[in-house]
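File shown here: query_14.pdb, holding PDB, C-alpha atoms, pLDDT in the B column.
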ATOM      1  CA  MET L   1     -25.605  -2.551  21.044  1.00 87.00           C
ATOM      2  CA  GLU L   2     -22.843  -0.120  20.262  1.00 90.00           C
ATOM      3  CA  LEU L   3     -21.199   0.141  16.851  1.00 94.00           C
ATOM      4  CA  SER L   4     -17.800   1.579  17.746  1.00 92.00           C
ATOM      5  CA  HIS L   5     -16.460   2.158  14.230  1.00 94.00           C
ATOM      6  CA  ILE L   6     -16.354   0.835  10.692  1.00 96.00           C
ATOM      7  CA  GLU L   7     -14.046  -2.152  11.103  1.00 96.00           C
ATOM      8  CA  HIS L   8     -13.518  -2.636   7.385  1.00 97.00           C
ATOM      9  CA  ILE L   9     -14.979  -2.370   3.919  1.00 98.00           C
ATOM     10  CA  GLY L  10     -14.814  -5.594   1.905  1.00 98.00           C
ATOM     11  CA  ILE L  11     -14.056  -5.305  -1.809  1.00 98.00           C
ATOM     12  CA  ALA L  12     -14.357  -8.313  -4.131  1.00 98.00           C
ATOM     13  CA  VAL L  13     -11.587  -8.520  -6.749  1.00 98.00           C
ATOM     14  CA  ASN L  14     -10.731 -10.945  -9.535  1.00 98.00           C
ATOM     15  CA  ASN L  15      -6.988 -10.864  -8.918  1.00 98.00           C
ATOM     16  CA  LEU L  16      -5.580 -10.129  -5.465  1.00 98.00           C
ATOM     17  CA  GLU L  17      -2.035  -9.403  -6.679  1.00 98.00           C
ATOM     18  CA  GLU L  18      -3.221  -6.821  -9.220  1.00 98.00           C
ATOM     19  CA  ALA L  19      -5.510  -5.173  -6.669  1.00 98.00           C
ATOM     20  CA  ILE L  20      -2.752  -5.061  -4.033  1.00 98.00           C
ATOM     21  CA  ALA L  21      -0.455  -3.387  -6.564  1.00 98.00           C
ATOM     22  CA  TYR L  22      -3.086  -0.715  -7.238  1.00 98.00           C
ATOM     23  CA  TYR L  23      -3.606   0.101  -3.551  1.00 98.00           C
ATOM     24  CA  GLU L  24       0.154   0.166  -2.890  1.00 98.00           C
ATOM     25  CA  ASP L  25       1.506   1.754  -6.076  1.00 98.00           C
ATOM     26  CA  LYS L  26      -1.300   4.171  -6.936  1.00 97.00           C
ATOM     27  CA  LEU L  27      -2.717   5.043  -3.503  1.00 97.00           C
ATOM     28  CA  GLY L  28       0.428   4.617  -1.410  1.00 97.00           C
ATOM     29  CA  LEU L  29      -1.139   2.226   1.102  1.00 98.00           C
ATOM     30  CA  ASN L  30       0.685  -0.714   2.665  1.00 98.00           C
ATOM     31  CA  CYS L  31      -0.711  -4.246   2.540  1.00 98.00           C
ATOM     32  CA  TYR L  32      -0.010  -5.470   6.069  1.00 98.00           C
ATOM     33  CA  ALA L  33      -1.572  -8.950   5.891  1.00 97.00           C
ATOM     34  CA  ILE L  34      -2.595 -11.602   3.386  1.00 98.00           C
ATOM     35  CA  GLU L  35      -4.618 -14.524   4.673  1.00 96.00           C
ATOM     36  CA  GLU L  36      -6.630 -17.406   3.292  1.00 96.00           C
ATOM     37  CA  VAL L  37      -9.884 -18.329   5.027  1.00 94.00           C
ATOM     38  CA  PRO L  38     -10.574 -21.827   3.658  1.00 94.00           C
ATOM     39  CA  ASP L  39     -14.074 -22.301   5.091  1.00 91.00           C
ATOM     40  CA  GLN L  40     -15.170 -19.074   3.354  1.00 92.00           C
ATOM     41  CA  LYS L  41     -13.320 -19.987   0.138  1.00 96.00           C
ATOM     42  CA  VAL L  42     -11.532 -16.663   0.047  1.00 97.00           C
ATOM     43  CA  LYS L  43      -8.070 -15.118   0.151  1.00 98.00           C
ATOM     44  CA  THR L  44      -7.866 -11.680   1.763  1.00 98.00           C
ATOM     45  CA  ALA L  45      -5.472  -8.744   1.835  1.00 98.00           C
ATOM     46  CA  PHE L  46      -5.680  -5.890   4.337  1.00 98.00           C
ATOM     47  CA  PHE L  47      -4.815  -2.195   4.248  1.00 98.00           C
ATOM     48  CA  LYS L  48      -5.345   0.332   7.022  1.00 97.00           C
ATOM     49  CA  VAL L  49      -6.658   3.852   6.432  1.00 96.00           C
ATOM     50  CA  GLY L  50      -6.880   5.591   9.795  1.00 93.00           C
ATOM     51  CA  GLN L  51      -8.892   3.310  12.073  1.00 90.00           C
ATOM     52  CA  THR L  52     -10.678   1.640   9.151  1.00 95.00           C
ATOM     53  CA  LYS L  53      -9.397  -1.273   7.101  1.00 97.00           C
ATOM     54  CA  ILE L  54      -9.890  -2.157   3.463  1.00 98.00           C
ATOM     55  CA  GLU L  55     -10.260  -5.921   2.952  1.00 98.00           C
ATOM     56  CA  LEU L  56      -9.678  -7.190  -0.579  1.00 98.00           C
ATOM     57  CA  LEU L  57     -11.405 -10.514  -1.251  1.00 98.00           C
ATOM     58  CA  GLU L  58     -10.340 -12.971  -3.966  1.00 98.00           C
ATOM     59  CA  SER L  59     -12.333 -16.155  -4.400  1.00 98.00           C
ATOM     60  CA  THR L  60     -10.489 -19.464  -4.104  1.00 97.00           C
ATOM     61  CA  ASP L  61     -13.529 -21.363  -5.441  1.00 97.00           C
ATOM     62  CA  PRO L  62     -16.052 -20.146  -8.046  1.00 95.00           C
ATOM     63  CA  GLU L  63     -18.814 -21.802  -5.988  1.00 96.00           C
ATOM     64  CA  GLY L  64     -17.876 -19.867  -2.835  1.00 95.00           C
ATOM     65  CA  PRO L  65     -19.664 -16.690  -1.779  1.00 95.00           C
ATOM     66  CA  ILE L  66     -17.103 -14.323  -3.338  1.00 97.00           C
ATOM     67  CA  GLY L  67     -16.928 -16.380  -6.524  1.00 97.00           C
ATOM     68  CA  LYS L  68     -20.701 -16.197  -6.887  1.00 97.00           C
ATOM     69  CA  PHE L  69     -20.707 -12.472  -6.079  1.00 97.00           C
ATOM     70  CA  LEU L  70     -18.043 -11.768  -8.734  1.00 97.00           C
ATOM     71  CA  GLU L  71     -19.931 -13.762 -11.364  1.00 97.00           C
ATOM     72  CA  LYS L  72     -23.224 -12.015 -10.608  1.00 96.00           C
ATOM     73  CA  LYS L  73     -22.104  -8.447  -9.876  1.00 96.00           C
ATOM     74  CA  GLY L  74     -18.453  -8.151 -10.871  1.00 97.00           C
ATOM     75  CA  GLN L  75     -15.704  -6.486  -8.886  1.00 98.00           C
ATOM     76  CA  GLY L  76     -16.577  -3.890  -6.297  1.00 97.00           C
ATOM     77  CA  VAL L  77     -17.813  -3.265  -2.786  1.00 97.00           C
ATOM     78  CA  HIS L  78     -18.990  -6.528  -1.245  1.00 97.00           C
ATOM     79  CA  HIS L  79     -19.801  -5.564   2.354  1.00 98.00           C
ATOM     80  CA  ILE L  80     -19.374  -3.106   5.190  1.00 98.00           C
ATOM     81  CA  ALA L  81     -18.272  -4.361   8.599  1.00 98.00           C
ATOM     82  CA  PHE L  82     -18.964  -2.699  11.931  1.00 98.00           C
ATOM     83  CA  ALA L  83     -16.988  -3.347  15.109  1.00 97.00           C
ATOM     84  CA  VAL L  84     -19.147  -4.391  18.069  1.00 97.00           C
ATOM     85  CA  ASN L  85     -18.214  -5.170  21.664  1.00 95.00           C
ATOM     86  CA  ASP L  86     -20.592  -8.128  22.102  1.00 96.00           C
ATOM     87  CA  ILE L  87     -21.417  -9.848  18.835  1.00 97.00           C
ATOM     88  CA  LYS L  88     -23.899 -12.370  20.255  1.00 97.00           C
ATOM     89  CA  ASN L  89     -25.855  -9.639  21.997  1.00 97.00           C
ATOM     90  CA  SER L  90     -25.703  -7.422  18.901  1.00 97.00           C
ATOM     91  CA  LEU L  91     -27.073 -10.216  16.700  1.00 98.00           C
ATOM     92  CA  GLN L  92     -29.928 -10.863  19.115  1.00 97.00           C
ATOM     93  CA  GLU L  93     -30.735  -7.172  19.332  1.00 97.00           C
ATOM     94  CA  VAL L  94     -31.048  -6.661  15.574  1.00 98.00           C
ATOM     95  CA  LYS L  95     -32.928  -9.966  15.221  1.00 97.00           C
ATOM     96  CA  ASP L  96     -35.415  -8.777  17.862  1.00 97.00           C
ATOM     97  CA  LYS L  97     -35.861  -5.631  15.768  1.00 97.00           C
ATOM     98  CA  GLY L  98     -36.808  -7.699  12.712  1.00 97.00           C
ATOM     99  CA  VAL L  99     -33.489  -7.822  10.865  1.00 98.00           C
ATOM    100  CA  ARG L 100     -32.924 -11.041   8.937  1.00 98.00           C
ATOM    101  CA  LEU L 101     -29.643 -12.780   9.807  1.00 98.00           C
ATOM    102  CA  ILE L 102     -27.374 -14.871   7.629  1.00 97.00           C
ATOM    103  CA  ASP L 103     -25.360 -16.007  10.660  1.00 97.00           C
ATOM    104  CA  HIS L 104     -27.316 -16.712  13.833  1.00 97.00           C
ATOM    105  CA  GLU L 105     -24.083 -17.514  15.668  1.00 97.00           C
ATOM    106  CA  PRO L 106     -20.672 -15.886  15.240  1.00 97.00           C
ATOM    107  CA  ARG L 107     -17.925 -17.719  13.346  1.00 95.00           C
ATOM    108  CA  LYS L 108     -14.210 -17.133  12.886  1.00 93.00           C
ATOM    109  CA  GLY L 109     -13.168 -14.782  10.123  1.00 93.00           C
ATOM    110  CA  ALA L 110      -9.940 -13.252   8.888  1.00 92.00           C
ATOM    111  CA  GLU L 111      -7.556 -11.793  11.469  1.00 93.00           C
ATOM    112  CA  GLY L 112      -9.106 -14.073  14.104  1.00 92.00           C
ATOM    113  CA  LEU L 113     -12.203 -11.891  14.466  1.00 95.00           C
ATOM    114  CA  ASP L 114     -15.580 -13.308  15.435  1.00 96.00           C
ATOM    115  CA  ILE L 115     -17.898 -12.370  12.576  1.00 97.00           C
ATOM    116  CA  ALA L 116     -21.550 -12.623  11.571  1.00 98.00           C
ATOM    117  CA  PHE L 117     -23.495 -11.284   8.598  1.00 97.00           C
ATOM    118  CA  LEU L 118     -26.879  -9.598   8.344  1.00 98.00           C
ATOM    119  CA  HIS L 119     -28.957 -10.351   5.256  1.00 97.00           C
ATOM    120  CA  PRO L 120     -28.908  -7.582   2.619  1.00 96.00           C
ATOM    121  CA  LYS L 121     -32.684  -7.932   2.142  1.00 96.00           C
ATOM    122  CA  SER L 122     -33.023  -6.423   5.628  1.00 96.00           C
ATOM    123  CA  THR L 123     -30.262  -3.815   5.264  1.00 96.00           C
ATOM    124  CA  PHE L 124     -31.291  -1.889   2.138  1.00 96.00           C
ATOM    125  CA  GLY L 125     -29.204  -4.079  -0.147  1.00 95.00           C
ATOM    126  CA  VAL L 126     -25.932  -3.710   1.770  1.00 96.00           C
ATOM    127  CA  LEU L 127     -24.374  -6.929   3.058  1.00 97.00           C
ATOM    128  CA  THR L 128     -23.514  -5.976   6.643  1.00 98.00           C
ATOM    129  CA  GLU L 129     -21.030  -7.701   8.917  1.00 98.00           C
ATOM    130  CA  PHE L 130     -20.551  -7.448  12.671  1.00 98.00           C
ATOM    131  CA  CYS L 131     -17.009  -8.071  13.962  1.00 97.00           C
ATOM    132  CA  GLU L 132     -15.788  -8.630  17.506  1.00 97.00           C
ATOM    133  CA  ASP L 133     -12.097  -8.677  18.319  1.00 93.00           C
ATOM    134  CA  ASN L 134     -11.485 -11.125  21.158  1.00 85.00           C
ATOM    135  CA  ASN L 135      -7.718 -10.958  20.547  1.00 76.00           C
ATOM    136  CA  LYS L 136      -7.335  -7.733  22.550  1.00 61.00           C
TER
END

Let me see whether you can do it: turn the structure in this file into structure tokens.
Amino acid sequence: MELSHIEHIGIAVNNLEEAIAYYEDKLGLNCYAIEEVPDQKVKTAFFKVGQTKIELLESTDPEGPIGKFLEKKGQGVHHIAFAVNDIKNSLQEVKDKGVRLIDHEPRKGAEGLDIAFLHPKSTFGVLTEFCEDNNK
């Protein structure tokens, strides 16, 4: 398994429009994409900083994963995502090393990436995502 770079950092926010305004107006970044991912009950906005992206996450359903996160922990860093070349192999490799998985098989995420999450109980409390870009 090779982690090539930090693909993105996911940040849970209550209001996507307000958060976008902060990143654009205060930090001078450009929101290049807004996308809803219905099966994850989330609306996302993306910014690029060098090779790394910031993904803002607004819940579209209080019972969805981001809605529950916001209610329990409030706004803030939700997860860190690493780019991998072979997500299925990467999942198997960490599973063989005793890491607990949330996703045993990849699924489609924002920007058309194949994604899978590792359980934070196995990653020192940090929700960790693997991403593979098959759109290249």

(request) Within 12 Å of region 51-63 of chain L, counting only C-alpha atoms, which residues show up once you throw out same-chain ones fewer than 4 positions away? Write them as a ChimeraX atom specification, please. (result) /L:4-23,29-47,67-72,74-83,109-111

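Pairwise distance (CA of Lys121 (chain L), CA of Lys108 (chain L)) equals 23.3 Å.
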
(request) Mind giving me the straight-line distance from CA of Asp114 (chain L) to CA of Asn135 (chain L) in Å, one decimal? (result) 9.7 Å

(request) Could you tell me which residues the PyMOL selection byres ((chain L and resi 88) around 12) grabs in this file, written as number ranges by chain? (result) L: 1, 84-87, 89-95, 101, 103-107, 114-117, 130-132

(request) To one decimal in Å, tell me the separation between CA of Pro65 (chain L) and CA of Phe124 (chain L). (result) 19.2 Å

(request) Step by step, work through what the PyMOL selection byres ((chain L and resi 119) around 6) selects in the shown file, and finish by giving those residues as JSON, numbers by chain. (result) {"L": [100, 101, 102, 118, 120, 121, 122]}

Box centre and edge lengths (Å, one decimal), axis-aligned, region 90-94 of chain L plus 3 Å each side, as AutoDock Vina command-line options:
--center_x -28.4 --center_y -8.8 --center_z 17.5 --size_x 11.3 --size_y 10.2 --size_z 9.8
